[in-house]
$ cat input_2.txt   # compact mmCIF, C-alpha atoms and all ligand atoms
# COMPACT_ATOMS: atom_id res chain seq x y z
CA MET A 19 96.19 81.52 162.86
CA LEU A 20 96.11 78.66 160.38
CA GLY A 21 99.27 76.57 160.26
CA ASN A 22 100.94 75.61 156.99
CA PHE A 23 99.43 72.80 154.97
CA THR A 24 98.98 71.22 151.57
CA TYR A 25 95.52 70.20 150.47
CA LYS A 26 94.32 67.73 147.89
CA ASN A 27 91.51 65.22 147.95
CA PRO A 28 91.91 62.56 145.28
CA THR A 29 88.42 60.99 145.56
CA LYS A 30 85.92 61.84 142.83
CA LEU A 31 82.31 61.91 144.02
CA TYR A 32 79.08 61.14 142.22
CA PHE A 33 76.22 62.52 144.31
CA GLY A 34 72.44 62.29 143.95
CA LYS A 35 69.64 60.05 142.75
CA ASP A 36 71.47 59.12 139.51
CA ALA A 37 74.89 58.79 141.11
CA LEU A 38 75.19 55.07 140.39
CA ASN A 39 75.50 55.87 136.68
CA GLY A 40 78.95 57.15 137.61
CA LEU A 41 80.03 53.50 137.52
CA TYR A 42 79.67 53.51 133.73
CA GLU A 43 82.23 56.29 133.59
CA GLU A 44 84.61 54.87 136.19
CA LEU A 45 84.69 51.11 135.62
CA PRO A 46 86.29 51.22 132.14
CA LYS A 47 89.38 52.83 133.74
CA TYR A 48 90.24 49.58 135.57
CA GLY A 49 91.01 45.95 134.69
CA LYS A 50 88.49 43.18 134.13
CA ASN A 51 88.59 41.37 137.49
CA VAL A 52 86.43 43.11 140.06
CA LEU A 53 86.22 42.01 143.69
CA LEU A 54 82.73 42.99 144.83
CA VAL A 55 82.89 43.57 148.59
CA TYR A 56 79.77 43.89 150.72
CA GLY A 57 78.35 43.29 154.19
CA GLY A 58 75.83 40.94 155.72
CA GLY A 59 73.21 41.09 153.02
CA SER A 60 71.29 44.39 153.27
CA ILE A 61 72.21 45.19 149.65
CA LYS A 62 70.59 41.96 148.47
CA LYS A 63 67.34 42.82 150.25
CA ASN A 64 67.08 46.42 149.06
CA GLY A 65 67.99 45.76 145.43
CA ILE A 66 71.30 47.67 145.32
CA TYR A 67 73.23 44.44 144.70
CA ASP A 68 71.19 43.61 141.58
CA LYS A 69 71.67 47.09 140.14
CA ILE A 70 75.41 46.93 140.64
CA VAL A 71 75.84 43.44 139.25
CA ALA A 72 73.90 44.52 136.15
CA ILE A 73 76.25 47.48 135.62
CA LEU A 74 79.34 45.34 136.21
CA ARG A 75 78.10 42.79 133.64
CA ALA A 76 77.21 45.51 131.14
CA SER A 77 80.74 46.86 131.60
CA GLY A 78 82.24 43.48 130.72
CA LYS A 79 83.70 42.74 134.15
CA ASN A 80 84.41 39.38 135.77
CA ILE A 81 82.74 39.52 139.17
CA TYR A 82 84.31 37.86 142.21
CA GLU A 83 82.40 38.19 145.45
CA ASP A 84 83.59 38.89 148.96
CA GLY A 85 80.46 39.29 151.10
CA GLY A 86 79.91 38.94 154.82
CA VAL A 87 81.98 41.92 155.94
CA MET A 88 80.80 42.49 159.50
CA PRO A 89 80.37 45.81 161.29
CA ASN A 90 83.76 46.49 162.92
CA PRO A 91 85.68 44.30 160.42
CA THR A 92 88.20 41.92 161.92
CA THR A 93 91.73 40.74 161.18
CA GLU A 94 90.34 37.24 160.47
CA LYS A 95 88.02 38.61 157.80
CA LEU A 96 90.88 40.66 156.39
CA LYS A 97 92.91 37.46 155.91
CA GLU A 98 89.97 35.89 154.08
CA GLY A 99 89.61 38.96 151.86
CA ILE A 100 93.29 38.89 150.94
CA GLU A 101 92.94 35.27 149.83
CA ARG A 102 89.81 36.02 147.81
CA ALA A 103 91.46 38.99 146.10
CA LYS A 104 94.52 36.88 145.27
CA LYS A 105 92.43 34.04 143.87
CA ALA A 106 90.47 36.50 141.74
CA ASN A 107 93.65 38.26 140.65
CA ALA A 108 91.63 41.38 141.40
CA ASP A 109 92.32 44.50 139.36
CA PHE A 110 89.77 46.57 141.21
CA ILE A 111 87.78 46.43 144.46
CA LEU A 112 84.22 47.75 144.51
CA ALA A 113 83.02 48.26 148.10
CA VAL A 114 79.24 48.47 148.50
CA GLY A 115 78.13 49.29 152.04
CA GLY A 116 78.93 51.47 155.01
CA GLY A 117 82.16 52.46 156.68
CA SER A 118 82.96 48.89 157.65
CA VAL A 119 82.85 47.69 154.06
CA CYS A 120 84.78 50.70 152.74
CA ASP A 121 87.42 50.47 155.49
CA TYR A 122 87.80 46.75 154.92
CA ALA A 123 88.15 47.19 151.16
CA LYS A 124 90.95 49.70 151.74
CA ALA A 125 92.68 47.29 154.14
CA VAL A 126 92.47 44.46 151.58
CA SER A 127 93.71 46.78 148.84
CA ILE A 128 96.99 47.45 150.64
CA SER A 129 97.47 43.93 152.01
CA VAL A 130 97.21 41.62 148.99
CA TYR A 131 100.75 42.43 147.85
CA CYS A 132 102.15 43.14 151.31
CA ASP A 133 104.67 40.55 152.45
CA GLU A 134 104.38 41.44 156.14
CA ASP A 135 101.50 40.93 158.56
CA PRO A 136 99.16 43.82 157.67
CA TRP A 137 97.86 44.14 161.26
CA ASP A 138 101.36 44.62 162.62
CA LYS A 139 102.55 46.87 159.81
CA TYR A 140 99.56 49.14 159.33
CA PHE A 141 97.64 49.09 162.61
CA LEU A 142 100.29 48.54 165.28
CA ARG A 143 103.28 50.28 163.65
CA PHE A 144 101.18 52.79 161.61
CA GLU A 145 103.39 52.36 158.53
CA GLU A 146 102.30 53.42 155.05
CA PRO A 147 101.98 50.77 152.32
CA THR A 148 105.13 50.07 150.34
CA CYS A 149 103.59 47.47 148.00
CA LYS A 150 101.31 47.59 144.97
CA ILE A 151 97.82 48.86 145.94
CA ILE A 152 94.63 47.61 144.27
CA PRO A 153 92.39 50.60 143.46
CA VAL A 154 89.13 50.87 145.41
CA GLY A 155 85.78 52.48 144.57
CA CYS A 156 82.85 52.81 147.00
CA VAL A 157 79.08 52.79 146.74
CA LEU A 158 77.92 54.14 150.08
CA THR A 159 74.80 52.73 151.76
CA MET A 160 75.28 53.99 155.34
CA VAL A 161 76.19 57.54 156.25
CA GLY A 162 78.53 58.58 159.02
CA THR A 163 82.16 57.56 158.84
CA GLY A 164 83.39 59.69 155.94
CA SER A 165 85.28 56.62 154.72
CA GLU A 166 83.96 57.40 151.22
CA MET A 167 86.36 60.33 150.86
CA ASN A 168 89.21 59.67 153.25
CA GLY A 169 92.13 57.32 153.81
CA GLY A 170 90.83 55.93 157.09
CA SER A 171 90.59 52.21 157.78
CA VAL A 172 89.60 50.81 161.18
CA ILE A 173 90.22 47.13 161.91
CA THR A 174 89.45 45.08 165.02
CA ASN A 175 91.75 42.42 166.39
CA ARG A 176 89.43 40.39 168.60
CA SER A 177 92.09 38.20 170.20
CA GLN A 178 94.15 41.25 171.20
CA HIS A 179 91.06 43.24 172.27
CA LEU A 180 92.16 46.14 170.08
CA LYS A 181 90.29 48.25 167.54
CA ILE A 182 92.67 50.56 165.72
CA GLY A 183 92.25 53.04 162.90
CA HIS A 184 94.97 54.23 160.57
CA VAL A 185 94.47 57.29 158.41
CA PHE A 186 96.42 56.48 155.26
CA GLY A 187 97.70 58.84 152.60
CA ASP A 188 96.20 59.84 149.24
CA GLU A 189 96.93 56.58 147.46
CA VAL A 190 94.59 54.65 149.80
CA PHE A 191 91.61 57.00 149.35
CA PRO A 192 88.82 55.56 147.20
CA LYS A 193 89.34 56.52 143.56
CA PHE A 194 85.67 57.45 143.45
CA SER A 195 82.55 57.16 145.60
CA VAL A 196 78.89 56.95 144.67
CA LEU A 197 76.61 58.80 147.09
CA ASN A 198 72.91 58.29 146.52
CA PRO A 199 70.93 59.42 149.60
CA GLU A 200 68.07 57.08 148.62
CA PHE A 201 70.39 54.09 149.13
CA THR A 202 70.36 54.90 152.85
CA TYR A 203 66.57 54.85 153.29
CA THR A 204 66.47 51.17 154.32
CA LEU A 205 68.88 51.66 157.24
CA PRO A 206 67.39 50.60 160.58
CA LYS A 207 66.81 53.64 162.81
CA TYR A 208 69.50 52.51 165.25
CA GLN A 209 72.15 52.53 162.50
CA MET A 210 70.87 55.75 161.00
CA THR A 211 71.08 57.69 164.25
CA ALA A 212 74.40 56.10 165.24
CA GLY A 213 75.69 57.49 161.95
CA PHE A 214 74.30 60.93 162.80
CA PHE A 215 76.26 61.01 166.02
CA ASP A 216 79.37 59.69 164.31
CA ILE A 217 79.19 62.76 162.05
CA MET A 218 78.74 65.05 165.05
CA SER A 219 81.63 63.42 166.83
CA HIS A 220 83.96 63.79 163.85
CA ILE A 221 83.25 67.50 163.84
CA LEU A 222 83.62 67.87 167.63
CA GLU A 223 86.93 65.99 167.59
CA GLN A 224 88.31 68.58 165.19
CA TYR A 225 86.53 71.60 166.70
CA PHE A 226 87.52 71.11 170.35
CA SER A 227 91.23 71.62 169.86
CA GLY A 228 93.34 74.76 169.73
CA GLU A 229 92.51 78.30 170.76
CA ASP A 230 92.69 80.01 167.37
CA ASP A 231 89.88 81.66 165.49
CA ASN A 232 90.03 80.14 162.03
CA THR A 233 87.94 79.38 158.98
CA SER A 234 87.69 75.69 159.85
CA ASP A 235 85.80 76.48 163.06
CA TYR A 236 83.20 78.49 161.13
CA ILE A 237 82.82 75.70 158.56
CA MET A 238 82.36 73.18 161.36
CA GLU A 239 79.75 75.31 163.12
CA GLY A 240 77.80 75.43 159.85
CA LEU A 241 78.10 71.67 159.38
CA MET A 242 76.89 71.02 162.93
CA LYS A 243 73.88 73.33 162.53
CA SER A 244 72.93 71.63 159.29
CA LEU A 245 73.27 68.19 160.90
CA ILE A 246 71.21 69.10 163.97
CA HIS A 247 68.46 70.59 161.81
CA SER A 248 68.29 67.74 159.29
CA SER A 249 68.67 64.92 161.82
CA LEU A 250 65.55 66.02 163.69
CA ILE A 251 63.62 65.88 160.40
CA ALA A 252 65.11 62.53 159.35
CA VAL A 253 64.22 60.71 162.59
CA LYS A 254 60.57 61.66 162.02
CA ASN A 255 60.61 61.02 158.31
CA PRO A 256 63.51 58.82 157.17
CA THR A 257 62.61 59.25 153.49
CA ASP A 258 62.83 63.05 153.54
CA TYR A 259 65.26 63.43 150.64
CA GLU A 260 66.28 66.97 151.54
CA ALA A 261 67.26 65.98 155.09
CA ARG A 262 68.97 62.71 154.13
CA SER A 263 70.91 64.31 151.27
CA ASN A 264 72.09 67.19 153.45
CA ILE A 265 73.20 64.73 156.13
CA MET A 266 75.04 62.59 153.59
CA TRP A 267 76.94 65.60 152.28
CA THR A 268 77.66 66.88 155.81
CA ALA A 269 79.11 63.48 156.75
CA THR A 270 81.51 63.59 153.84
CA TRP A 271 82.73 67.09 154.66
CA ALA A 272 83.01 66.27 158.35
CA LEU A 273 85.84 63.83 157.68
CA ASN A 274 87.38 64.31 154.28
CA THR A 275 90.44 66.09 155.75
CA LEU A 276 89.30 69.64 154.85
CA VAL A 277 88.27 70.98 158.26
CA ALA A 278 91.38 69.64 159.96
CA LYS A 279 93.71 71.63 157.73
CA GLY A 280 95.89 74.16 159.48
CA LYS A 281 94.68 73.27 162.97
CA THR A 282 95.21 70.72 165.72
CA THR A 283 92.61 68.01 166.40
CA ASP A 284 91.68 65.84 169.37
CA TRP A 285 90.17 62.36 168.59
CA GLU A 286 90.13 61.19 172.25
CA VAL A 287 86.39 60.38 172.17
CA HIS A 288 87.10 58.04 169.25
CA MET A 289 89.98 56.43 171.14
CA ILE A 290 87.75 55.72 174.15
CA GLY A 291 84.86 54.67 171.90
CA GLN A 292 87.08 52.30 169.93
CA ALA A 293 88.32 50.68 173.16
CA VAL A 294 84.69 50.21 174.20
CA GLY A 295 84.04 48.75 170.75
CA ALA A 296 86.98 46.35 171.07
CA TYR A 297 85.38 44.89 174.20
CA THR A 298 81.72 44.94 173.17
CA ASP A 299 81.62 44.97 169.34
CA ALA A 300 79.03 47.75 169.79
CA THR A 301 77.92 50.03 166.94
CA HIS A 302 80.61 52.67 166.40
CA GLY A 303 78.43 55.81 166.64
CA MET A 304 76.79 54.58 169.84
CA THR A 305 80.15 54.00 171.52
CA LEU A 306 80.82 57.68 170.87
CA SER A 307 77.45 58.96 172.09
CA ALA A 308 77.77 56.91 175.28
CA VAL A 309 81.07 58.51 176.34
CA SER A 310 80.98 62.01 174.82
CA LEU A 311 79.15 63.98 177.51
CA ALA A 312 81.28 62.52 180.30
CA TYR A 313 84.44 63.31 178.30
CA TYR A 314 83.46 66.86 177.44
CA LYS A 315 82.39 67.65 181.00
CA HIS A 316 85.73 66.26 182.17
CA ILE A 317 87.78 68.59 179.93
CA LEU A 318 85.44 71.58 179.81
CA SER A 319 87.42 73.76 182.23
CA TYR A 320 90.60 73.32 180.13
CA GLY A 321 88.98 74.60 176.95
CA LEU A 322 86.34 76.87 178.40
CA ALA A 323 86.46 79.59 175.74
CA LYS A 324 85.76 77.09 172.95
CA PHE A 325 82.99 75.35 174.88
CA LYS A 326 81.38 78.76 175.42
CA ARG A 327 81.67 79.53 171.70
CA PHE A 328 80.11 76.14 170.90
CA ALA A 329 77.17 76.85 173.22
CA VAL A 330 76.50 80.27 171.72
CA ASN A 331 77.25 79.67 168.02
CA VAL A 332 75.93 76.15 167.60
CA TRP A 333 73.17 75.85 170.20
CA GLY A 334 72.04 79.45 170.45
CA VAL A 335 72.61 79.69 174.21
CA ASN A 336 72.25 83.27 175.45
CA PRO A 337 75.36 84.01 177.54
CA SER A 338 74.02 87.12 179.25
CA GLY A 339 73.81 86.81 183.01
CA LYS A 340 75.74 83.53 182.92
CA SER A 341 79.34 82.76 183.87
CA ASP A 342 81.45 81.29 181.06
CA GLU A 343 81.17 77.90 182.71
CA GLU A 344 77.40 78.13 182.99
CA THR A 345 77.16 79.07 179.32
CA ALA A 346 79.46 76.20 178.34
CA LEU A 347 77.47 73.70 180.41
CA ALA A 348 74.22 75.00 178.94
CA GLY A 349 75.65 74.18 175.49
CA LEU A 350 76.36 70.59 176.53
CA ALA A 351 72.87 70.37 178.06
CA GLU A 352 71.40 71.42 174.68
CA MET A 353 73.50 68.79 172.96
CA GLU A 354 72.23 66.18 175.44
CA LYS A 355 68.62 67.15 174.64
CA TRP A 356 69.32 66.71 170.93
CA MET A 357 71.01 63.35 171.55
CA ASN A 358 67.97 62.12 173.46
CA ALA A 359 65.63 63.51 170.82
CA ILE A 360 67.25 61.46 168.06
CA GLY A 361 67.40 58.35 170.26
CA LEU A 362 71.09 57.70 170.93
CA VAL A 363 72.56 55.29 173.47
CA MET A 364 73.65 57.47 176.39
CA ASN A 365 75.69 55.08 178.54
CA ILE A 366 78.14 52.25 178.05
CA ARG A 367 76.23 49.78 180.21
CA ASP A 368 73.56 49.71 177.53
CA LEU A 369 76.31 48.67 175.10
CA GLY A 370 77.28 45.68 177.23
CA VAL A 371 80.12 47.14 179.29
CA THR A 372 80.45 45.49 182.70
CA ASP A 373 82.56 46.68 185.64
CA ASP A 374 85.18 43.96 185.15
CA MET A 375 85.92 45.31 181.65
CA LEU A 376 86.82 48.83 182.77
CA ASP A 377 90.54 48.27 183.44
CA GLY A 378 90.96 46.54 180.08
CA ILE A 379 89.14 49.35 178.28
CA VAL A 380 91.41 51.91 179.96
CA LYS A 381 94.48 49.96 178.77
CA ALA A 382 93.08 49.68 175.22
CA THR A 383 92.47 53.47 175.00
CA LEU A 384 95.14 55.29 173.01
CA ILE A 385 95.99 58.69 174.50
CA MET A 386 96.09 61.62 172.09
CA ASP A 387 97.76 64.95 172.72
CA GLY A 388 95.69 67.38 170.63
CA GLY A 389 92.77 67.94 172.98
CA TYR A 390 92.43 70.41 175.83
CA LYS A 391 93.80 67.90 178.33
CA VAL A 392 96.14 64.97 177.82
CA LEU A 393 94.33 62.25 179.76
CA THR A 394 95.90 60.01 182.36
CA SER A 395 94.66 56.46 182.93
CA ASP A 396 92.78 57.76 185.96
CA ASP A 397 91.06 60.36 183.78
CA VAL A 398 89.96 57.66 181.32
CA LEU A 399 88.69 55.48 184.16
CA SER A 400 86.76 58.37 185.65
CA ILE A 401 85.19 59.20 182.23
CA LEU A 402 84.20 55.55 181.78
CA LYS A 403 82.66 55.41 185.26
CA ASN A 404 80.72 58.60 184.50
CA SER A 405 79.51 56.97 181.27
CA LEU A 406 78.19 53.83 182.94
O1 LIG B 501 76.16 44.35 156.66
P1 LIG B 501 74.88 44.79 156.11
O2 LIG B 501 73.86 43.72 155.95
O3 LIG B 501 75.03 45.60 154.85
O4 LIG B 501 74.21 45.77 157.22
C1 LIG B 501 74.86 46.95 157.64
C2 LIG B 501 75.46 46.84 159.04
O5 LIG B 501 74.81 45.88 159.80
C3 LIG B 501 73.82 47.99 157.83
N1 LIG B 501 73.53 48.73 156.60
C4 LIG B 501 74.38 49.48 155.88
N2 LIG B 501 73.73 50.08 154.87
C5 LIG B 501 72.44 49.68 154.95
C6 LIG B 501 72.31 48.81 156.04
N3 LIG B 501 71.14 48.25 156.38
C7 LIG B 501 70.05 48.53 155.62
N4 LIG B 501 70.11 49.39 154.57
C8 LIG B 501 71.27 49.98 154.21
N5 LIG B 501 71.29 50.85 153.19
O6 LIG B 501 74.34 48.90 158.77
C9 LIG B 501 75.16 48.18 159.68
C10 LIG B 501 76.37 49.00 160.01
O7 LIG B 501 77.19 49.18 158.90
P2 LIG B 501 78.70 49.70 159.12
O8 LIG B 501 79.34 49.76 157.79
O9 LIG B 501 79.35 48.90 160.19
O10 LIG B 501 78.47 51.15 159.73
P3 LIG B 501 79.37 52.44 159.64
O11 LIG B 501 79.24 53.09 158.33
O12 LIG B 501 79.05 53.22 160.84
O13 LIG B 501 80.87 51.90 159.78
C11 LIG B 501 81.45 51.62 161.02
C12 LIG B 501 82.91 51.28 160.91
O14 LIG B 501 83.65 52.38 160.36
C13 LIG B 501 84.72 52.73 161.27
C14 LIG B 501 84.14 52.31 162.61
O15 LIG B 501 85.12 52.22 163.62
C15 LIG B 501 83.49 50.99 162.29
O16 LIG B 501 84.45 49.96 162.25
N6 LIG B 501 85.09 54.14 161.10
C16 LIG B 501 85.76 54.50 160.00
C17 LIG B 501 86.25 55.78 159.81
C18 LIG B 501 87.01 56.19 158.61
N7 LIG B 501 87.22 55.34 157.64
O17 LIG B 501 87.46 57.33 158.54
C19 LIG B 501 86.10 56.82 160.83
C20 LIG B 501 85.02 56.51 161.80
O18 LIG B 501 85.27 57.28 162.97
C21 LIG B 501 84.91 55.07 162.19
O19 LIG B 501 85.85 54.76 163.20
ZN ZN B 502 83.69 57.94 163.90

$ encode --input "input_2.txt" --output "structure tokens"
Amino acid sequence: MLGNFTYKNPTKLYFGKDALNGLYEELPKYGKNVLLVYGGGSIKKNGIYDKIVAILRASGKNIYEDGGVMPNPTTEKLKEGIERAKKANADFILAVGGGSVCDYAKAVSISVYCDEDPWDKYFLRFEEPTCKIIPVGCVLTMVGTGSEMNGGSVITNRSQHLKIGHVFGDEVFPKFSVLNPEFTYTLPKYQMTAGFFDIMSHILEQYFSGEDDNTSDYIMEGLMKSLIHSSLIAVKNPTDYEARSNIMWTATWALNTLVAKGKTTDWEVHMIGQAVGAYTDATHGMTLSAVSLAYYKHILSYGLAKFKRFAVNVWGVNPSGKSDEETALAGLAEMEKWMNAIGLVMNIRDLGVTDDMLDGIVKATLIMDGGYKVLTSDDVLSILKNSL
């Protein structure tokens, strides 16, 4: 049974090869001073930067730059961004990049007029903004996080060894996002496939929770099948527009709040992955791929019926002649084959985790209560050891 909910998604999307023209429609709605936020320079190499600057100029905007947003954006960079936005007297923030750039832009947008420490307020105390918020728009260049159509923002505090995400309410969602699948063609394969698993993980986090039979589960099974199919094409031919566009759209739907409506969700893989990320600064999607199989094997017996359904409906495992556990394990084995086929990192040692980090990673892992088993510290340690 679906629980009660309200549903609204305030982000307007422009999708397809001409999506960038959406800027001509959107930019006039905001003030003159635009803070242009981007990462380490990929958009300068692939020409996206030039296209955007030309549109901003044609729209009569004053452009103030805030580049150098790193993957897994930090509290130090956030402070710098706040100062830049203040100096620019920014009316609007245009984020051009992947999840890190979009997340960072959202964090800046709610921190410029915040008179408390944003890390403490938003990421340790999980409070909602109470100050003026600068509107944000996104041009997506890396697919995976869903940040283009959600209120999520994940920030890393390096000195505290913590990486924490806060899912904010409607007012923090991007006002609009531009999704042109061709903008993702220049992604290195490592980033591309990390994004593919991030999408898968977002779906699994919402799928493996609760016992009910509901519409969301069917939507998620469809999204997973589409992702599996298209990802295998995209790793062979990264410029296959059909595959890349389907993956881009799947990523958005995987985490734009829709499939979580009316049901419980887990998110423990993300909590473990983020703790690994806090210690290693590893690529987000790879932190998830490296711990997922160990986690799901650890909890499989507590959610057996759903793991069996996953094996049959998503991976086409034939359950006849098999026990429920054998069917469920066969599903995970199929997922492992797919993960290897697209070239994911399968253990945390390859991400730089060393034995002396394990206790710290356990402590940095937030424990959620929506999955099939509420983990103890010993459970987390055992999952990490099985992921080494
Ligand atoms: O910085 P540049 O030079 O642009 O290079 C980036 C970066 O090195 C590169 N890249 C992006 N687009 C490119 C490109 N290179 C060539 N061509 C392009 N078109 O890719 C690298 C990774 O980018 P990043 O933005 O870090 O990746 P992603 O989109 O995976 O974002 C990861 C961040 O998002 C958070 C993660 O924790 C991590 O901090 N997440 C945000 C979520 C949300 N808002 O809901 C949920 C997710 O679960 C996730 O936690
Ligand atoms: Zn993720």

$ residues_near_ligand --input "input_2.txt" --ligand "ligand ZN 502 (chain B)" --cutoff "8 Å" --atoms "all atoms listed in the file" --output "PDB file with C-alpha atoms, in the frame of the given file"
ATOM      1  CA  GLY A 162      78.530  58.580 159.020  1.00  0.00           C
ATOM      2  CA  THR A 163      82.160  57.560 158.840  1.00  0.00           C
ATOM      3  CA  ASP A 216      79.370  59.690 164.310  1.00  0.00           C
ATOM      4  CA  ILE A 217      79.190  62.760 162.050  1.00  0.00           C
ATOM      5  CA  SER A 219      81.630  63.420 166.830  1.00  0.00           C
ATOM      6  CA  HIS A 220      83.960  63.790 163.850  1.00  0.00           C
ATOM      7  CA  HIS A 288      87.100  58.040 169.250  1.00  0.00           C
ATOM      8  CA  HIS A 302      80.610  52.670 166.400  1.00  0.00           C
ATOM      9  CA  GLY A 303      78.430  55.810 166.640  1.00  0.00           C
ATOM     10  CA  LEU A 306      80.820  57.680 170.870  1.00  0.00           C
TER      11      LEU A 306
END

$ closest_residue --input "input_2.txt" --among "A:Asp368, A:Glu229, A:Glu352, A:Glu223" --to "Met386 (chain A)" --atoms "all atoms listed in the file"
A:Glu223

$ axis_aligned_box --input "input_2.txt" --around "ligand LIG 501 (chain B)" --padding-each-side "4 Å" --output "JSON"
{"center_x": 78.8, "center_y": 50.5, "center_z": 158.4, "size_x": 25.4, "size_y": 21.6, "size_z": 18.4}

$ closest_residue --input "input_2.txt" --among "A:Pro192, A:Gly65, A:Pro153, A:Pro206" --to "ligand LIG 501 (chain B)" --atoms "all atoms listed in the file"
A:Pro206

$ closest_residue --input "input_2.txt" --among "A:Asn64, A:Thr282, A:Thr233, A:Thr257" --to "Tyr203 (chain A)" --atoms "all atoms listed in the file"
A:Thr257
